[in-house]
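Read the structure below first, then the notes.
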Amino acid sequence: MNDQDNCKELEQETVKCSRCGNCRSICPVFLAENKENTTPRSKARMIEAVLNGELELTPGMQARFDKCLLCMACKTNCGSHVRTDELILKARTKLVKRNGLNPIKKAAFTGLRYRKLFDLGLRTGALFQSLIFKELPDGRGRVARIPIPGSGLNIRRVIPNLTFRPLRTRLPYFNKAQTPKSKGRVLFFTGCTLNYIYPQAGEAVVRILTRNGWDVIIPEEQCCCGTPAFTSGDSETGKFLAEQNIRSFSKENCDHIVTACSSCGEALLSEYGHLLHDSSLVDDWHELSSKVQDISQFVVQHCDLKRFGQLPLEITYHDACHLVRGMNVSSQPRQIFKAIPGLKFVEMKDADRCCGAGGTFSAVYYELSRKINDKKLDNIEATDMKYVVVGCSSCRMHITDGLSQRNSPIQVLHTAEIIDMAYAAGEKEGK
């Protein structure tokens, strides 16, 4: 798509916006700040003004477009069906090309291109994290030993532990089904956070799949899905990483591709279509994308829910934005919870309301993201449950930080961990 076509597509979307203001009632950033220039309709109007030559792509405009969580609440609630998330992503890409990228982000995204160097950096970080961060007594994460400017580290933001043993070093490339006969091969895209921060959730995914008769392959050449880069406007790095992953997956003979991170899943399922529209690998992506499923989707469709055992836990569930609106996954986790004997599941108010994480958003606008998160935390605590379950590691980090700041005893678990525990309980019962 050339620049002229791109501008025409932008114009077609902006004219759909009737300026009705319905987006004001569901935009988490506007609800937190009460500033019109943060609303989706305001951003649509700014794009229109740029296309008409009334405004320039200035750094000030870039800052306004950066202040969006890409939660897609406005898109799904828009009566005019404006694809606001796509508008904002295209605007960010143009703004980055005009004004450049934040130097810290630029360095980080450049590192993502070099898979082995990125891996070495995070492993080294795990070794030396104790020098800068001290672990909390409850094991939920770490806080800075001394105030560090930025990203909330100066106000005791809780960050997760980096693992000394990443998931892809704990598990082999090929994980054989635990049944006499295999049902097929599943490719597990681990992503970054499960690999380096929450490997226990990744191990749970593999146990779930192999228990149910599936061989699991974990490609060694997979890399970051690219979401942090392309959502920040660095479409070149996003495309580079997308192509790397598609090449890696195309080498494998698999029946399904399973993800356990909503951002990774949405990227593979749909966002790669935008990044690879002019790539020679776009046909390969089309073929592979039809195989992509979140772990909860896969369990409902391809696993035996009757093998769950008694699990006497009290939980509520948070719908991650990229899962509920990006991958259309909402009923499946709930179907699973209701199938687990002994599990008490209570819905929270506004379960699909954004928690304020937004990937790099919470690092750049930490205090704003905390303000947005407070609404989510209020709803979690109102259920009086002991656990909140999520299907997104970014949400997990942010909600854990918020609960820890409140000294709340509520723990955060990944959906896969609940499923894995239910199967383990079933094995003990002889199911």
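We label chains A, B, ... in the order they appear in the structure tokens, count residues from 1 in each chain, and number ligands from 1 in the order shown.
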
Per residue of region 87-188 of chain A within 8 Å of region 387-405 of chain A, what are the shortest atom pair and its distance in Å to one decimal, counting only C-alpha atoms, with rows by chain and residue number, as a tab-separated table?
residue	atom	partner	partner_atom	distance
A:Arg140	CA	A:Thr400	CA	7.3
A:Arg157	CA	A:Asp401	CA	6.5
A:Val158	CA	A:Asp401	CA	4.9
A:Ile159	CA	A:Asp401	CA	7.0
A:Pro160	CA	A:Met397	CA	6.6

Legend entry - Residue list (strand (DSSP E or B), DSSP) for region 235-319 of chain A, as a ChimeraX atom specification: /A:256-259,292-294,314-317

Inset, instruction - Could you give me, as an MDAnalysis selection string, the residues within 10 Å of region 318-331 of chain A, counting only C-alpha atoms and dropping anything in the same chain fewer than 6 positions from it? - result: chainID A and resid 69:73 75:76 260:267 269:271 292:294 296:297 300 347:358 376 379:380 388:396 399

Inset, instruction - Might you pull out every residue within 12 Å of Ile419 (chain A), with only C-alpha atoms counted and same-chain residues fewer than 2 positions away left off, and present them as a ChimeraX atom specification? - result: /A:201,203-209,211-212,295-296,298-300,303-311,313,332-341,343,389,391,413-417,421-426

Hey, can you spit out that residue selection with C-alpha atoms as a short mmCIF file (atom, residue, chain, number, x, y, z; two decimals), in the first residue's frame?
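Below is the file that was written, result-v6.cif:
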data_model
loop_
_atom_site.label_atom_id
_atom_site.label_comp_id
_atom_site.auth_asym_id
_atom_site.auth_seq_id
_atom_site.Cartn_x
_atom_site.Cartn_y
_atom_site.Cartn_z
CA ALA A 201 2.35 -20.42 33.30
CA GLU A 203 4.90 -24.94 31.68
CA ALA A 204 1.24 -25.23 32.65
CA VAL A 205 0.24 -24.72 29.00
CA VAL A 206 2.49 -27.56 27.86
CA ARG A 207 1.24 -29.91 30.59
CA ILE A 208 -2.38 -29.15 29.63
CA LEU A 209 -1.71 -29.96 25.99
CA ARG A 211 -2.09 -34.47 29.13
CA ASN A 212 -4.81 -34.21 26.53
CA ILE A 295 -5.15 -21.68 25.29
CA SER A 296 -8.67 -21.31 26.70
CA PHE A 298 -8.09 -24.68 22.52
CA VAL A 299 -9.04 -26.36 25.80
CA VAL A 300 -12.76 -25.86 25.17
CA CYS A 303 -9.48 -31.03 25.40
CA ASP A 304 -11.55 -33.11 27.84
CA LEU A 305 -13.21 -30.93 30.48
CA LYS A 306 -14.58 -34.03 32.24
CA ARG A 307 -11.10 -34.84 33.53
CA PHE A 308 -11.08 -31.83 35.86
CA GLY A 309 -10.82 -32.65 39.56
CA GLN A 310 -11.98 -30.83 42.68
CA LEU A 311 -10.34 -27.41 42.97
CA LEU A 313 -10.46 -22.02 45.01
CA GLN A 332 -14.37 -19.92 26.88
CA PRO A 333 -12.59 -19.16 30.20
CA ARG A 334 -15.96 -18.96 31.92
CA GLN A 335 -17.03 -22.26 30.41
CA ILE A 336 -13.87 -23.81 31.80
CA PHE A 337 -14.35 -22.33 35.28
CA LYS A 338 -17.92 -23.62 35.45
CA ALA A 339 -16.70 -27.10 34.50
CA ILE A 340 -14.19 -27.32 37.38
CA PRO A 341 -15.71 -29.06 40.43
CA LEU A 343 -14.29 -23.90 42.02
CA VAL A 389 -7.42 -14.89 36.93
CA GLY A 391 -5.07 -14.39 30.27
CA LEU A 413 -3.01 -16.34 38.37
CA HIS A 414 -2.93 -17.11 34.66
CA THR A 415 -5.89 -19.00 33.19
CA ALA A 416 -3.55 -21.83 32.21
CA GLU A 417 -2.45 -22.28 35.83
CA MET A 421 -4.31 -27.39 38.64
CA ALA A 422 -7.76 -28.75 37.78
CA TYR A 423 -6.24 -31.47 35.58
CA ALA A 424 -3.68 -32.31 38.27
CA ALA A 425 -6.51 -32.68 40.78
CA GLY A 426 -8.34 -34.91 38.32
#

Legend entry - Using only C-alpha atoms: which of A:Phe361, A:Tyr196, A:Phe30, A:Trp285 has the shortest distance to Leu120 (chain A):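 For Leu120 (chain A), the nearest of the candidates is A:Tyr196.
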
Legend entry - Per-residue DSSP, region 174-327 of chain A, filtered to helix (DSSP H, G or I), as a PyMOL selection string: chain A and resi 193-196+199-211+227-230+235-250+262-275+282-289+295-302+305-307+321-326

Inset, instruction - Rank A:Thr190, A:Thr210, A:Ser250, A:Asn99 by their smallest atom-to-atom distance to Cys223 (chain A), using only C-alpha atoms, and report the top residue only. - result: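 Residue with the minimum atom-to-atom distance to Cys223 (chain A): A:Thr190.
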
Legend entry - Pick from A:Thr84, A:Ala144, A:Asp234, A:Gln178 nearest to Arg98 (chain A), counting only C-alpha atoms: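 Among the listed residues, A:Asp234 lies closest to Arg98 (chain A).
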
Inset, instruction - Could you check how far CA of Lys67 (chain A) sits from CA of Asn161 (chain A), in Å to one decimal? - result: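 Distance between the two atoms: 27.3 Å.
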
Legend entry - Å distance separating CA of Glu220 (chain A) from CA of Ser290 (chain A), one decimal place: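 Atom-to-atom, CA of Glu220 (chain A) to CA of Ser290 (chain A), that is 21.7 Å.
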
Legend entry - Using only C-alpha atoms: which of A:Arg170, A:Lys43, A:Lys371, A:Lys105 has the shortest distance to Val82 (chain A):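 Of A:Arg170, A:Lys43, A:Lys371, A:Lys105, the one nearest Val82 (chain A), counting only C-alpha atoms, is A:Lys43.
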
Legend entry - For Arg113 (chain A), the nearest of the candidates A:Leu281, A:His302, A:Glu236, A:Thr360, counting only C-alpha atoms: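 Checking each candidate against Arg113 (chain A), we get A:Glu236 as the closest.
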
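The two atoms in question, CA of Pro180 (chain A) and CA of Pro199 (chain A), are spaced 27.1 Å apart.
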
Inset, instruction - Name all residues at most 10 Å from Arg115 (chain A) (count only C-alpha atoms; drop same-chain ones fewer than 5 positions away) and give them as an NGL selection string. - result: :A and (120-121 or 221-224 or 241 or 244)

Inset, instruction - Please provide the set of residues having any atom within 12 Å of Leu101 (chain A), restricted to only C-alpha atoms, with same-chain residues fewer than 6 positions apart removed, written as a VMD selection string. - result: chain A and resid 59 62 to 63 66 92 to 95 107 to 110 229 to 237
